[in-house]
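Next comes start.cif, with mmCIF, C-alpha atoms and all ligand atoms.
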```
data_model
loop_
_atom_site.label_atom_id
_atom_site.label_comp_id
_atom_site.auth_asym_id
_atom_site.auth_seq_id
_atom_site.Cartn_x
_atom_site.Cartn_y
_atom_site.Cartn_z
CA MET A 1 0.00 0.00 0.00
CA SER A 2 1.24 3.49 -0.80
CA ARG A 3 2.26 5.65 2.14
CA LEU A 4 -0.42 8.22 1.45
CA GLU A 5 -2.30 8.89 4.64
CA VAL A 6 -5.23 11.00 5.75
CA ARG A 7 -3.85 13.24 8.48
CA TYR A 8 -7.00 15.15 9.37
CA ALA A 9 -10.35 13.43 9.00
CA GLN A 10 -12.12 16.65 10.00
CA CYS A 11 -11.24 20.33 10.30
CA TRP A 12 -10.78 21.42 13.90
CA GLU A 13 -10.86 25.16 13.29
CA ASP A 14 -14.02 27.08 14.07
CA PRO A 15 -15.75 27.80 10.73
CA ARG A 16 -17.99 30.44 12.31
CA LEU A 17 -14.96 32.60 12.90
CA SER A 18 -13.55 32.33 9.37
CA ARG A 19 -17.00 32.96 7.88
CA GLU A 20 -17.44 36.05 10.01
CA ALA A 21 -13.94 37.32 9.26
CA LEU A 22 -14.05 36.72 5.51
CA ALA A 23 -17.64 37.97 5.05
CA VAL A 24 -18.05 35.74 1.99
CA GLY A 25 -20.80 36.75 -0.44
CA PRO A 26 -22.11 35.98 -3.94
CA ASP A 27 -19.27 37.78 -5.77
CA ASP A 28 -16.53 35.90 -3.99
CA ASP A 29 -14.16 33.22 -5.19
CA VAL A 30 -12.76 31.54 -2.11
CA LEU A 31 -9.44 29.74 -1.88
CA SER A 32 -9.29 27.49 1.18
CA ILE A 33 -7.11 24.73 2.57
CA ALA A 34 -9.06 21.48 2.25
CA SER A 35 -7.90 19.41 5.22
CA GLY A 36 -11.04 17.37 6.09
CA GLY A 37 -13.25 19.69 4.01
CA GLU A 38 -15.62 20.91 6.75
CA ASN A 39 -14.64 24.56 6.66
CA GLY A 40 -14.56 24.86 2.89
CA LEU A 41 -17.99 23.26 2.71
CA ALA A 42 -19.30 25.69 5.33
CA PHE A 43 -18.46 28.61 2.99
CA LEU A 44 -21.10 27.30 0.57
CA LEU A 45 -23.68 28.61 3.04
CA ASP A 46 -22.65 32.11 1.95
CA ARG A 47 -23.32 31.27 -1.71
CA PRO A 48 -20.02 32.43 -3.20
CA ARG A 49 -19.32 32.07 -6.93
CA SER A 50 -16.75 29.36 -6.18
CA VAL A 51 -14.85 27.64 -3.39
CA THR A 52 -11.54 26.04 -4.38
CA LEU A 53 -10.20 23.58 -1.82
CA ILE A 54 -6.50 22.83 -2.08
CA ASP A 55 -4.26 20.47 -0.19
CA ARG A 56 -0.74 19.31 -0.91
CA ASN A 57 -1.58 15.92 0.59
CA PRO A 58 -3.54 13.97 -2.09
CA ALA A 59 -5.14 11.80 0.62
CA GLN A 60 -6.97 14.85 1.99
CA ILE A 61 -8.38 15.59 -1.44
CA HIS A 62 -9.45 11.93 -1.86
CA LEU A 63 -11.21 12.23 1.49
CA VAL A 64 -13.06 15.40 0.55
CA GLU A 65 -13.97 13.95 -2.85
CA LEU A 66 -15.64 10.98 -1.16
CA LYS A 67 -17.42 13.17 1.41
CA VAL A 68 -18.75 15.42 -1.35
CA LEU A 69 -19.89 12.48 -3.46
CA ALA A 70 -21.65 10.99 -0.41
CA ALA A 71 -23.29 14.37 0.28
CA ARG A 72 -24.65 14.42 -3.29
CA ARG A 73 -25.89 10.84 -3.45
CA LEU A 74 -27.02 9.85 0.06
CA ASP A 75 -29.83 11.25 2.13
CA ARG A 76 -28.69 13.07 5.25
CA GLU A 77 -29.34 10.19 7.67
CA GLU A 78 -27.41 7.75 5.46
CA LEU A 79 -24.63 10.31 5.11
CA LEU A 80 -24.29 10.73 8.89
CA GLY A 81 -24.05 6.95 9.24
CA PHE A 82 -21.57 6.63 6.38
CA LEU A 83 -19.29 9.27 7.88
CA GLY A 84 -19.48 7.73 11.35
CA ALA A 85 -21.23 10.70 12.93
CA ARG A 86 -23.99 8.26 13.93
CA PRO A 87 -24.05 4.47 14.09
CA GLY A 88 -24.25 3.28 10.47
CA PRO A 89 -24.02 -0.46 9.88
CA ASP A 90 -23.95 -0.45 6.07
CA LYS A 91 -20.92 1.67 5.22
CA ASP A 92 -19.49 -1.05 2.98
CA ARG A 93 -22.67 -1.28 0.93
CA LEU A 94 -22.90 2.51 0.65
CA TYR A 95 -19.29 2.66 -0.51
CA ASP A 96 -20.11 0.14 -3.25
CA VAL A 97 -22.95 2.41 -4.35
CA LEU A 98 -20.69 5.48 -4.36
CA ARG A 99 -17.43 4.13 -5.79
CA PRO A 100 -18.30 4.33 -9.52
CA GLY A 101 -18.71 8.11 -9.03
CA LEU A 102 -15.16 8.60 -7.70
CA SER A 103 -12.20 9.70 -9.82
CA GLY A 104 -9.71 6.92 -10.61
CA PRO A 105 -7.09 8.00 -8.03
CA ALA A 106 -9.67 8.44 -5.26
CA ARG A 107 -11.26 5.07 -6.05
CA ALA A 108 -7.87 3.33 -6.00
CA PHE A 109 -7.07 5.04 -2.68
CA TRP A 110 -10.33 4.08 -0.95
CA ASP A 111 -10.54 0.58 -2.43
CA ARG A 112 -7.37 -0.19 -0.51
CA ARG A 113 -8.68 1.33 2.70
CA ARG A 114 -12.08 -0.21 3.22
CA ASP A 115 -11.25 -0.73 6.89
CA LEU A 116 -11.17 3.07 7.29
CA ILE A 117 -14.51 3.33 5.53
CA ARG A 118 -15.99 0.70 7.86
CA ASP A 119 -14.82 2.75 10.86
CA GLY A 120 -16.37 5.91 9.44
CA LEU A 121 -14.52 8.59 7.49
CA PHE A 122 -14.79 11.01 10.41
CA HIS A 123 -12.37 8.89 12.42
CA CYS A 124 -9.82 7.98 9.76
CA GLY A 125 -7.23 10.74 10.29
CA ARG A 126 -3.97 10.28 12.12
CA TYR A 127 -4.84 13.29 14.29
CA GLU A 128 -8.26 11.92 15.31
CA ARG A 129 -6.84 8.44 15.97
CA PHE A 130 -4.16 9.96 18.19
CA PHE A 131 -6.63 11.88 20.38
CA ARG A 132 -9.03 8.95 20.60
CA ALA A 133 -6.20 6.59 21.58
CA ALA A 134 -4.98 9.05 24.22
CA ILE A 135 -8.45 9.19 25.73
CA ARG A 136 -9.04 5.46 25.48
CA TYR A 137 -5.68 4.22 26.76
CA VAL A 138 -4.05 7.04 28.73
CA VAL A 139 -6.95 8.57 30.64
CA PRO A 140 -7.75 5.22 32.38
CA LEU A 141 -4.19 5.20 33.75
CA ILE A 142 -5.05 8.41 35.59
CA HIS A 143 -8.72 8.34 36.47
CA SER A 144 -11.57 5.86 36.88
CA ARG A 145 -14.55 5.87 34.54
CA LYS A 146 -16.54 7.35 37.41
CA THR A 147 -14.23 10.35 37.64
CA LEU A 148 -14.30 10.81 33.87
CA ARG A 149 -18.12 10.63 33.97
CA ALA A 150 -18.16 13.21 36.75
CA LEU A 151 -16.05 15.59 34.64
CA LEU A 152 -18.26 15.13 31.59
CA ASP A 153 -21.47 15.53 33.60
CA CYS A 154 -20.60 18.72 35.49
CA PRO A 155 -23.76 20.84 35.32
CA THR A 156 -22.09 24.27 35.18
CA VAL A 157 -18.85 25.67 33.83
CA GLY A 158 -17.92 26.86 37.34
CA GLU A 159 -18.30 23.36 38.76
CA GLN A 160 -16.41 21.86 35.82
CA ALA A 161 -13.51 24.29 36.30
CA ALA A 162 -13.40 23.52 40.03
CA PHE A 163 -13.59 19.75 39.40
CA TYR A 164 -10.83 19.97 36.83
CA ARG A 165 -8.61 21.99 39.15
CA ASP A 166 -9.28 20.12 42.41
CA VAL A 167 -9.95 16.52 41.34
CA TRP A 168 -8.78 15.94 37.79
CA THR A 169 -5.47 17.72 37.87
CA ASN A 170 -3.02 15.56 39.76
CA ARG A 171 0.60 14.69 39.34
CA ARG A 172 -0.09 11.74 37.04
CA TRP A 173 -2.32 13.83 34.74
CA ARG A 174 0.41 16.43 34.43
CA THR A 175 3.15 13.87 33.83
CA LEU A 176 1.22 11.95 31.19
CA PHE A 177 -0.06 15.12 29.54
CA ARG A 178 3.51 16.27 29.22
CA LEU A 179 4.56 12.96 27.73
CA VAL A 180 1.64 12.55 25.32
CA PHE A 181 1.37 16.14 24.09
CA GLY A 182 5.09 16.85 23.92
CA LYS A 183 6.77 17.35 20.60
CA ARG A 184 8.21 13.84 20.57
CA VAL A 185 4.98 11.85 20.90
CA PHE A 186 2.31 14.21 19.55
CA GLY A 187 4.71 15.51 16.90
CA ARG A 188 5.45 11.97 15.72
CA TRP A 189 2.06 10.26 16.06
CA GLY A 190 -0.56 13.02 15.99
CA ARG A 191 0.93 15.74 13.81
CA GLN A 192 4.20 15.75 11.85
CA ARG A 193 7.71 16.50 13.04
CA SER A 194 8.03 19.10 10.29
CA HIS A 195 5.23 21.12 11.91
CA TYR A 196 7.68 21.99 14.69
CA ARG A 197 10.50 23.21 12.45
CA TYR A 198 9.90 26.90 13.18
CA VAL A 199 8.59 26.51 16.74
CA THR A 200 10.81 28.26 19.26
CA ALA A 201 8.72 27.63 22.41
CA ALA A 202 10.58 25.09 24.53
CA ASP A 203 7.54 23.36 26.00
CA THR A 204 4.72 23.04 23.51
CA TRP A 205 2.97 20.56 25.84
CA ARG A 206 2.80 23.35 28.43
CA LEU A 207 1.06 25.69 25.97
CA PHE A 208 -1.53 22.98 25.28
CA TYR A 209 -1.86 22.28 28.98
CA ASP A 210 -2.66 25.91 29.72
CA ARG A 211 -5.06 26.11 26.77
CA ALA A 212 -6.87 22.95 27.91
CA GLU A 213 -7.28 24.45 31.37
CA ARG A 214 -8.54 27.72 29.91
CA GLU A 215 -10.94 25.83 27.66
CA LEU A 216 -12.37 23.75 30.50
CA SER A 217 -12.91 26.86 32.59
CA GLN A 218 -14.93 28.52 29.81
CA ARG A 219 -17.11 25.88 28.24
CA LEU A 220 -18.71 22.59 29.23
CA VAL A 221 -17.15 19.60 27.50
CA ARG A 222 -20.54 18.60 26.11
CA ASP A 223 -20.98 22.05 24.50
CA HIS A 224 -17.56 21.94 22.91
CA PRO A 225 -17.65 20.33 19.46
CA GLY A 226 -14.04 19.14 19.57
CA LEU A 227 -13.93 17.81 23.12
CA ALA A 228 -17.43 16.35 22.91
CA TYR A 229 -16.36 14.42 19.80
CA PHE A 230 -13.19 13.06 21.36
CA PHE A 231 -14.63 12.18 24.77
CA LYS A 232 -17.90 10.52 23.85
CA GLU A 233 -18.39 6.95 22.75
CA SER A 234 -20.76 7.90 19.97
CA ALA A 235 -19.21 10.55 17.75
CA TYR A 236 -21.83 13.29 17.76
CA PRO A 237 -24.44 12.63 20.44
CA ARG A 238 -25.74 16.21 20.17
CA PRO A 239 -26.82 17.52 16.75
CA GLU A 240 -25.67 21.06 17.54
CA ASN A 241 -22.08 19.79 17.76
CA LEU A 242 -22.10 18.37 14.24
CA PRO A 243 -19.91 20.18 11.72
CA LEU A 244 -21.84 23.15 10.34
CA TRP A 245 -22.29 21.69 6.85
CA LEU A 246 -24.03 18.61 8.24
CA GLN A 247 -26.47 20.36 10.52
CA ALA A 248 -30.08 19.80 9.45
CA ALA A 249 -30.77 23.50 8.96
CA HIS A 250 -27.76 23.97 6.66
CA PHE A 251 -27.40 20.73 4.75
CA PRO A 252 -29.93 21.45 1.97
CA ALA A 253 -28.16 24.74 1.07
CA ILE A 254 -24.78 23.00 1.16
CA ARG A 255 -25.95 20.24 -1.12
CA GLU A 256 -27.34 22.79 -3.54
CA GLY A 257 -23.98 24.59 -3.63
CA LEU A 258 -21.76 21.55 -4.27
CA ASP A 259 -21.38 22.39 -7.98
CA ARG A 260 -19.49 25.52 -6.96
CA LEU A 261 -16.82 23.49 -5.17
CA LYS A 262 -13.49 22.66 -6.85
CA LEU A 263 -10.80 20.33 -5.50
CA ARG A 264 -7.11 20.59 -6.33
CA THR A 265 -4.14 18.60 -5.05
CA ALA A 266 -1.49 21.31 -4.82
CA GLY A 267 0.53 23.42 -2.43
CA LEU A 268 -0.38 27.07 -1.93
CA ASP A 269 2.78 28.15 -3.76
CA GLU A 270 1.85 26.15 -6.89
CA ILE A 271 -1.69 27.51 -6.87
CA LEU A 272 -0.55 31.09 -6.46
CA ALA A 273 2.02 30.70 -9.25
CA ALA A 274 -0.67 29.36 -11.59
CA THR A 275 -3.33 31.94 -10.68
CA HIS A 276 -4.15 35.18 -12.48
CA PRO A 277 -4.64 38.48 -10.66
CA GLY A 278 -8.26 38.77 -9.58
CA ASP A 279 -8.99 35.02 -9.66
CA PHE A 280 -9.67 34.87 -5.91
CA SER A 281 -11.06 37.30 -3.36
CA LYS A 282 -11.09 35.42 -0.03
CA PHE A 283 -8.38 33.19 1.44
CA ASN A 284 -8.85 30.73 4.31
CA LEU A 285 -5.49 29.17 5.05
CA SER A 286 -5.72 27.09 8.23
CA ASN A 287 -2.40 27.33 10.07
CA ILE A 288 -0.11 26.53 7.14
CA PHE A 289 2.05 29.65 7.57
CA GLU A 290 3.66 28.28 10.70
CA TYR A 291 5.09 25.41 8.67
CA MET A 292 6.98 27.95 6.54
CA ALA A 293 10.14 29.91 7.20
CA ALA A 294 9.59 33.65 7.66
CA GLY A 295 10.84 34.44 4.13
CA GLU A 296 8.55 31.86 2.54
CA TYR A 297 5.64 33.22 4.55
CA ALA A 298 6.35 36.77 3.30
CA ARG A 299 6.54 35.49 -0.29
CA ALA A 300 3.21 33.70 0.14
CA LEU A 301 1.62 36.92 1.39
CA GLY A 302 3.07 38.71 -1.66
CA GLY A 303 1.55 36.04 -3.92
CA ILE A 304 -1.84 36.43 -2.23
CA LEU A 305 -1.71 40.21 -2.72
CA ARG A 306 -0.87 39.64 -6.38
CA VAL A 307 -3.79 37.32 -7.14
CA SER A 308 -6.43 38.87 -4.89
CA ARG A 309 -9.16 41.13 -6.16
CA SER A 310 -9.38 44.50 -4.43
CA GLY A 311 -11.23 44.23 -1.14
CA GLY A 312 -9.91 40.71 -0.61
CA ARG A 313 -9.52 39.16 2.80
CA LEU A 314 -7.23 36.59 4.38
CA ALA A 315 -7.87 34.49 7.49
CA PHE A 316 -5.57 31.97 9.16
CA TRP A 317 -4.68 30.45 12.52
CA THR A 318 -1.49 29.92 14.45
CA MET A 319 -0.82 27.24 17.01
CA PHE A 320 2.76 27.82 18.19
CA VAL A 321 4.55 30.15 15.76
CA PRO A 322 3.56 33.85 15.75
CA ARG A 323 2.95 35.11 12.23
CA PRO A 324 2.45 38.90 12.31
CA VAL A 325 2.44 40.90 9.07
CA PRO A 326 6.08 41.41 8.00
CA SER A 327 6.98 45.09 8.33
CA SER A 328 7.71 45.37 4.59
CA LEU A 329 4.03 44.55 3.90
CA SER A 330 2.34 46.28 6.82
CA ALA A 331 0.74 48.95 4.62
CA ARG A 332 -1.06 46.27 2.62
CA PHE A 333 -2.97 44.53 5.44
CA ALA A 334 -5.56 45.94 7.84
CA PRO A 335 -7.04 43.86 10.65
CA VAL A 336 -10.68 42.88 10.18
CA PHE A 337 -11.27 42.97 13.91
CA PRO A 338 -9.67 46.34 14.62
CA ASP A 339 -9.54 45.86 18.37
CA GLY A 340 -7.90 42.51 17.76
CA SER A 341 -10.61 40.67 19.66
CA PRO A 342 -13.35 38.79 17.88
CA ASP A 343 -15.90 37.11 20.11
CA PRO A 344 -13.74 35.38 22.74
CA ALA A 345 -16.03 32.33 22.64
CA TYR A 346 -14.70 31.63 19.17
CA ARG A 347 -11.06 31.94 20.07
CA THR A 348 -11.20 29.26 22.69
CA TRP A 349 -12.81 26.62 20.53
CA THR A 350 -9.59 24.79 19.84
CA LEU A 351 -6.04 24.54 20.99
CA PHE A 352 -4.88 27.34 18.69
CA GLU A 353 -3.01 30.34 19.94
CA ASP A 354 -4.34 33.00 17.62
CA PHE A 355 -6.57 33.81 14.69
CA HIS A 356 -5.65 36.45 12.12
CA ALA A 357 -8.09 38.15 9.78
CA TRP A 358 -6.91 40.90 7.46
CA ARG A 359 -8.31 43.03 4.67
CA LEU A 360 -5.93 43.25 1.71
CA LEU A 361 -5.19 46.83 0.69
C1 LIG B 1 -2.51 23.08 8.17
S1 LIG B 1 -3.08 21.44 8.42
C2 LIG B 1 -4.02 21.54 9.91
C3 LIG B 1 -3.09 21.31 10.97
C4 LIG B 1 -3.58 21.30 12.37
N1 LIG B 1 -4.28 22.49 12.67
C5 LIG B 1 -2.30 21.16 13.16
O1 LIG B 1 -1.54 22.10 13.20
O2 LIG B 1 -2.05 20.06 13.64
C6 LIG B 1 -4.37 21.27 7.30
C7 LIG B 1 -3.97 20.81 5.95
O3 LIG B 1 -3.09 21.74 5.37
C8 LIG B 1 -2.35 21.05 4.38
N2 LIG B 1 -1.20 21.90 4.03
C9 LIG B 1 -0.18 22.25 4.84
N3 LIG B 1 0.63 23.12 4.20
C10 LIG B 1 0.10 23.33 2.97
C11 LIG B 1 0.46 24.12 1.85
N4 LIG B 1 1.55 24.88 1.87
N5 LIG B 1 -0.32 24.08 0.75
C12 LIG B 1 -1.43 23.31 0.71
N6 LIG B 1 -1.83 22.54 1.74
C13 LIG B 1 -1.09 22.55 2.86
C14 LIG B 1 -2.01 19.73 5.06
O4 LIG B 1 -1.75 18.74 4.11
C15 LIG B 1 -3.27 19.46 5.87
O5 LIG B 1 -4.13 18.56 5.25
#
```
Represent the structure contained in this file as structure tokens.
Ligand SMILES: C[S@@+](CC[C@H](N)C(=O)[O-])C[C@H]1O[C@@H](n2cnc3c(N)ncnc32)[C@H](O)[C@@H]1O
Amino acid sequence: MSRLEVRYAQCWEDPRLSREALAVGPDDDVLSIASGGENGLAFLLDRPRSVTLIDRNPAQIHLVELKVLAARRLDREELLGFLGARPGPDKDRLYDVLRPGLSGPARAFWDRRRDLIRDGLFHCGRYERFFRAAIRYVVPLIHSRKTLRALLDCPTVGEQAAFYRDVWTNRRWRTLFRLVFGKRVFGRWGRQRSHYRYVTAADTWRLFYDRAERELSQRLVRDHPGLAYFFKESAYPRPENLPLWLQAAHFPAIREGLDRLKLRTAGLDEILAATHPGDFSKFNLSNIFEYMAAGEYARALGGILRVSRSGGRLAFWTMFVPRPVPSSLSARFAPVFPDGSPDPAYRTWTLFEDFHAWRLL
């Protein structure tokens, strides 16, 4: 089997924030990182002219191709079962129905990975498997099921924060958190070593540790789409935690917009080099800039300025590596949230450090 691998089965960035920041509308052509596809699909709710999803990892594009095909051909209940968002016993049969509609490379990829299809596409990424394994195998070394239940069932955020601080946080939790979410283990088995190339923080586990504490003091686990997904036995027990594009109120509009979606296996640099000025107006770029050296990042910003229509916007996240506007380009970018603080509830949705949203001048 080829070494191609789905890294991210779903997007773990808050699509509400990128939609608000980019203010996508009917005249827009959006360029977005594909990853698991959720955030690019969510832009279809804003009815832009086009959404182009790119990813340099072909496996991510194969994943999105299959999700999109399933969204076209299955009814919503079947789709939720096929993806693994709900129990769905007939994933194999549904794949047989869908496979003639796949491109040759995607069909060859998924034919060799039917075990992943049987598990549900939502769980097939390296990242998701890492978190689920940590919760399944590491948490029991620290706490009983009863204590875990008590954390998940706290009735108020105040009680949850106190429980986390006074009961959950003990020496073993801290030691194992440090081990599991350090660069060596998480970087090797959950993310990629190369994601740490430009990280200067000595203790990335510590940054996550503090963010987890902050998160648990601000939102109940069951109200938190990411944590609720990772902690619960059934993937999405509450419909409001489903990815936006799959929510009952939004799915019909998403399905209607699928013809405006384009998929491309390519790096941002290749796309920018092959794009004409004015081809795109809105850019949603995940946290890819922290995998680049500062010079490469500045060149990418230059490329975005070159291809963007006037009034364009750029949104992206950072996890460990600060990526301010380089001083040579500062006159060309204006923050979308001038006070630098979009709704704080959005910022804390994930383990990211920051979210940037700029108008291109
Ligand atoms: C940026 S990653 C999300 C990472 C996650 N937030 C984390 O840091 O662990 C999302 C996707 O971006 C893709 N990607 C990374 N750099 C890219 C680039 N320069 N061009 C296109 N896709 C890229 C990866 O293949 C991956 O599927």
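Take atom CA of A:Leu258 and atom C9 of ligand LIG 1 (chain B): the distance between them is 23.4 Å.
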Can you tell me, as a count of residues only, what residues are no more than 10 Å from A:Pro335 when counting all atoms listed in the file, ignoring any on the same chain fewer than 2 positions away? 14
Please find the residues contacting ligand LIG 1 (chain B) at a distance of at most 6 Å between atoms, with all atoms listed in the file counted, and report them as JSON, numbers by chain. {"A": [33, 35, 54, 55, 56, 57, 60, 191, 266, 267, 268, 286, 287, 288]}
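Among the candidates A:Thr275, A:Ser50, A:Thr147, A:Asn241, the residue lying nearest to A:Pro26 is A:Ser50 (atoms considered: all atoms listed in the file).
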Identify which of the residues A:Leu69, A:Ile135, A:Asp119, A:Trp12 lies closest to A:Phe352, counting only C-alpha atoms when measuring atom-to-atom distances.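 Residue with the minimum atom-to-atom distance to A:Phe352: A:Trp12.
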Write out as a PyMOL selection string each polymer residue whose atoms come within 9 Å of A:Val199, counting all atoms listed in the file; drop sequence neighbours fewer than 2 positions from it. chain A and resi 195-197+201-202+204+290-291+320-322
With distances taken over only C-alpha atoms, which residue among A:Leu79, A:Ala161, A:Leu227, A:Leu22 lies nearest A:Gln247? A:Leu79
For each of A:Ala34, A:Met319, A:Leu41, A:Ala300, take the minimum atom-to-atom distance to A:Pro243, counting only C-alpha atoms, then give the residue where this is smallest. A:Leu41
Just the residues within 10 Å of A:Pro239, please, counting all atoms listed in the file, with nothing from its chain fewer than 6 positions along; format it as a list in words.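 Skipping anything fewer than 6 positions along the chain leaves Ala85, Pro225, Leu246, Gln247 and Ala248 of chain A.
Rounded to one decimal, atom CA of A:Phe316 and atom CA of A:Ser18 lie 8.0 Å from each other.
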Nearest residue to A:Arg47 out of A:Ala133, A:Val30, A:Ala70, A:Ala334, using all atoms listed in the file? A:Val30
For A:Leu63, the nearest of the candidates A:Thr265, A:Arg238, A:Asp210, A:Val138, counting all atoms listed in the file: A:Thr265
